[in-house]
Amino acid sequence: MGQPVREYLLTLCVTVAVTYLLTGPVRKFAIAAGAMPEIRARDVHREPTPRLGGIAMFGGLCAGLLVADHLKNLNGVFELSNEPRALLSGAALIWLIGVLDDKFEIDALIKLGAQMIAAGVMVMQGLTVLWIPVPGIGTVALTQWQGNLLTVALVVITINAVNFVDGLDGLAAGMVCIAAAAFFLYAYRIWYGYGIEPAAPATLFAAILMGMCLGFLPHNMHPARIFMGDSGSMLIGLVLAAGAISITGQVDPDTMALFAGGERNATHAMLPVFIPLLLPLTIIAIPMADLILAIVRRTWKGQSPFAADRGHLHHRLLELGHSHSRAVLIMYFWSGLIAFGAVAYSVHSASMWIVLAIALLSAVGLVLLLLPRFTPRAPRWAEFLVPPRYRHAERAAEAAAQDASAREPEPARPVTVGVSGVNGATAVGPRSRFPDRRKAGSAR
C-alpha cells in the first residue's frame, strides 16, 4: 500500500509545481491580453486584477494526468477505465469557454449551455451515474436517460456552486482544496480498504484537484495578484463533480459486503457510509447553500438568478465586521468541519466522540461568526501583547493618545526674512522647514 501513496504524492507534487510555475507567466499574459476587467459595484478588491488563472490550473491538470499515466500502479486507471479521458475532454471544453468569458464576458445562458455540453461529453465517454444507494430501499439501478440527466444536473450544480463562492481572494481554491482532501481520504479508503477498483479514478481526480488548488493559492491569497476567473472556477467545479459522479455512480455498495442480510437492511445499516458518497451535498455544502440562497434572493426581488449582487455569504461576513482574511478563514473552517466531519462519521458512525467533537467545533464556529459583535478583551496583564481593539476602554484610549502624540509634526522653525539692499536684492535667512508650494499644492 505504500507504493500507491508515494505515486499519489508524486502526482500531487507535480500538479502543484506545474500550476505554481505557470501562474506567473499566465499573469503577464493576462495583463498583455487585457483580461483585467474594471472594478464592479459588487467587487471587494479595489484595483484591477488580471484573470485567466484557470490556464495555469488546466496545465496542472494535464501534467497530473500525464504523470499518473506513466506510473506503475496508477497506469491501471487509464487502462481499465475511460473516465480520465472523459474528464479531460469535458475539462478542456469548459476551460475554453471560461477563457473566452474571462476575456469577452459571455452571456450567462451561453455559459450554462456550455456546461451542459461539457457534462454531455463526459456522459458519452462513460462517466455517468449507473445506480444510486437509497437508504431503506437499497441500490436502485437507473435507466440510461435517468443516469444521464442526473449526471448533467450534478455537474451543472457543482460548477455554479463553486463559481458563486469565488468572491474573495483564495476562497474558492481553498474551499475546493479542503473538499478534495476529504474526498481523497474517503475514496482511497474505498479503493485500498475494500479493494474496489472502480474507486481508483475518483481517488486520482481528488489528488490532482488538490494539486491544482495548492499550486494556485500562493498567487491568489489576499491580496491576490491574479484571479482564477471562470476558466478556473468552472474547471475545478467540473473536476470535483467528476470525482463525485465516479464514486457515487460507479461503485456498487454491495461489493463492500459490510453487512450480512437482505439488501434493504444492508443499505439502511450502511447509511453513514453513504453520506460522503453524496459529495455535492456534503463537502461543498457551503457553496451549495450560497447558490440556493442567491437564487431565492434574486428571484424574490424579480431579478434574474444569474444577476450578480453583494448578498453572498462572504459579503455578509464582511458586513458583520470581519476582515477579508478572517472571512476567508471562517469559510475554510466551516467547509473543513462539514467535509471531514462527514468522512469521520462514515468511518466510525458508532462513536459518540465524533458527534460531540462536531458539535463542539460548530459552537466554536458560531463564536467566530459573532466575533465582531462581541469583541473579546484581553486580561489586563496581557494587554500590551494585543492590538488596541482588544484592550479595555481606558487602556485603549491611552494607547490611542500616545500614538496620536507620536504622530504630531515637529514645530516649524521661524523664517527670517532679509532686508532689501540698495540694488533691490533680498537677503534670505534660514530656510523654512515647511514643504514647498509645489508639494503643498499637489497634496491639496
# chains A, B, ... in the order shown; residues from 1 in each chain; ligands from 1
>>> select_by_dssp(residues="segment 61-264 of chain A", states="alpha helix (DSSP H)", output="ChimeraX atom specification")
/A:61-69,75-80,83-104,108-124,144-165,171-188,194,200-220,229-250,263-264
>>> select_by_dssp(residues="segment 83-148 of chain A", states="strand (DSSP E)", output="PyMOL selection string")
chain A and resi 131-134+138-141
>>> write_last_selection(atoms="N, CA, C and O atoms", output="PDB file, in the first residue's frame")
ATOM      1  N   TRP A 131     -26.141   3.803 -10.788  1.00  0.00           N
ATOM      2  CA  TRP A 131     -27.092   3.469  -9.731  1.00  0.00           C
ATOM      3  C   TRP A 131     -26.881   4.411  -8.559  1.00  0.00           C
ATOM      4  O   TRP A 131     -25.838   5.056  -8.439  1.00  0.00           O
ATOM      5  N   ILE A 132     -27.858   4.493  -7.717  1.00  0.00           N
ATOM      6  CA  ILE A 132     -27.749   5.323  -6.528  1.00  0.00           C
ATOM      7  C   ILE A 132     -28.202   4.508  -5.319  1.00  0.00           C
ATOM      8  O   ILE A 132     -29.158   3.737  -5.406  1.00  0.00           O
ATOM      9  N   PRO A 133     -27.519   4.658  -4.186  1.00  0.00           N
ATOM     10  CA  PRO A 133     -27.960   3.976  -2.961  1.00  0.00           C
ATOM     11  C   PRO A 133     -29.040   4.787  -2.258  1.00  0.00           C
ATOM     12  O   PRO A 133     -28.861   5.973  -1.979  1.00  0.00           O
ATOM     13  N   VAL A 134     -30.160   4.157  -1.968  1.00  0.00           N
ATOM     14  CA  VAL A 134     -31.273   4.813  -1.294  1.00  0.00           C
ATOM     15  C   VAL A 134     -31.462   4.143   0.061  1.00  0.00           C
ATOM     16  O   VAL A 134     -31.762   2.947   0.110  1.00  0.00           O
ATOM     17  N   GLY A 138     -32.400   0.286  -0.859  1.00  0.00           N
ATOM     18  CA  GLY A 138     -31.307  -0.487  -1.433  1.00  0.00           C
ATOM     19  C   GLY A 138     -30.699   0.246  -2.606  1.00  0.00           C
ATOM     20  O   GLY A 138     -30.920   1.443  -2.811  1.00  0.00           O
ATOM     21  N   THR A 139     -29.917  -0.479  -3.392  1.00  0.00           N
ATOM     22  CA  THR A 139     -29.276   0.095  -4.568  1.00  0.00           C
ATOM     23  C   THR A 139     -30.268   0.122  -5.721  1.00  0.00           C
ATOM     24  O   THR A 139     -30.754  -0.922  -6.164  1.00  0.00           O
ATOM     25  N   VAL A 140     -30.558   1.312  -6.220  1.00  0.00           N
ATOM     26  CA  VAL A 140     -31.540   1.485  -7.284  1.00  0.00           C
ATOM     27  C   VAL A 140     -30.806   1.712  -8.596  1.00  0.00           C
ATOM     28  O   VAL A 140     -30.052   2.685  -8.738  1.00  0.00           O
ATOM     29  N   ALA A 141     -31.010   0.798  -9.550  1.00  0.00           N
ATOM     30  CA  ALA A 141     -30.402   0.946 -10.875  1.00  0.00           C
ATOM     31  C   ALA A 141     -31.177   1.974 -11.682  1.00  0.00           C
ATOM     32  O   ALA A 141     -32.411   2.015 -11.654  1.00  0.00           O
TER      33      ALA A 141
END
>>> closest_residue(among="A:Val176, A:Ala207, A:Ile159, A:Ile338", to="Leu65 of chain A", atoms="only C-alpha atoms")
A:Ala207
>>> residues_around(residues="Ile236 of chain A", least_positions_apart="3", cutoff="9 Å", atoms="only C-alpha atoms", output="VMD selection string")
chain A and resid 54 57 91 159 162 173 176 209 212 to 213 231 to 233 239 to 241
>>> write_last_selection(atoms="N, CA and C atoms", output="CSV table (one decimal), in the first residue's frame")
chain,number,residue,atom,x,y,z
A,54,GLY,N,-7.2,30.2,-14.6
A,54,GLY,CA,-7.6,28.8,-15.0
A,54,GLY,C,-6.7,28.2,-16.0
A,57,MET,N,-4.1,26.4,-14.0
A,57,MET,CA,-4.8,25.2,-13.4
A,57,MET,C,-5.0,24.1,-14.4
A,91,ALA,N,-13.2,18.8,-19.3
A,91,ALA,CA,-12.5,19.9,-18.7
A,91,ALA,C,-11.9,20.9,-19.8
A,159,ILE,N,-20.6,23.1,-10.6
A,159,ILE,CA,-19.8,24.1,-11.3
A,159,ILE,C,-20.3,25.5,-10.8
A,162,VAL,N,-19.5,26.3,-7.1
A,162,VAL,CA,-18.1,26.8,-6.9
A,162,VAL,C,-17.9,28.2,-7.5
A,173,ALA,N,-10.5,28.5,-4.2
A,173,ALA,CA,-9.4,27.5,-4.3
A,173,ALA,C,-9.2,26.8,-3.0
A,176,VAL,N,-12.3,24.4,-2.2
A,176,VAL,CA,-12.3,23.2,-3.1
A,176,VAL,C,-11.1,22.3,-2.7
A,209,LEU,N,-6.9,17.4,-8.2
A,209,LEU,CA,-7.6,18.6,-7.8
A,209,LEU,C,-7.0,19.4,-6.7
A,212,MET,N,-4.0,21.2,-8.1
A,212,MET,CA,-4.3,22.4,-8.9
A,212,MET,C,-4.6,23.6,-7.9
A,213,CYS,N,-5.3,23.3,-6.8
A,213,CYS,CA,-5.7,24.4,-5.9
A,213,CYS,C,-4.5,24.9,-5.1
A,231,SER,N,-12.6,30.6,-16.0
A,231,SER,CA,-11.8,29.5,-16.6
A,231,SER,C,-11.2,28.6,-15.5
A,232,GLY,N,-11.1,29.1,-14.3
A,232,GLY,CA,-10.6,28.3,-13.2
A,232,GLY,C,-11.7,27.8,-12.3
A,233,SER,N,-12.7,28.6,-12.0
A,233,SER,CA,-13.7,28.2,-11.0
A,233,SER,C,-14.6,27.1,-11.7
A,239,VAL,N,-14.1,19.2,-12.2
A,239,VAL,CA,-13.3,18.1,-11.7
A,239,VAL,C,-13.9,17.5,-10.4
A,240,LEU,N,-14.4,18.4,-9.5
A,240,LEU,CA,-15.0,17.9,-8.3
A,240,LEU,C,-16.2,17.1,-8.5
A,241,ALA,N,-17.0,17.6,-9.5
A,241,ALA,CA,-18.3,16.8,-9.8
A,241,ALA,C,-17.9,15.5,-10.4
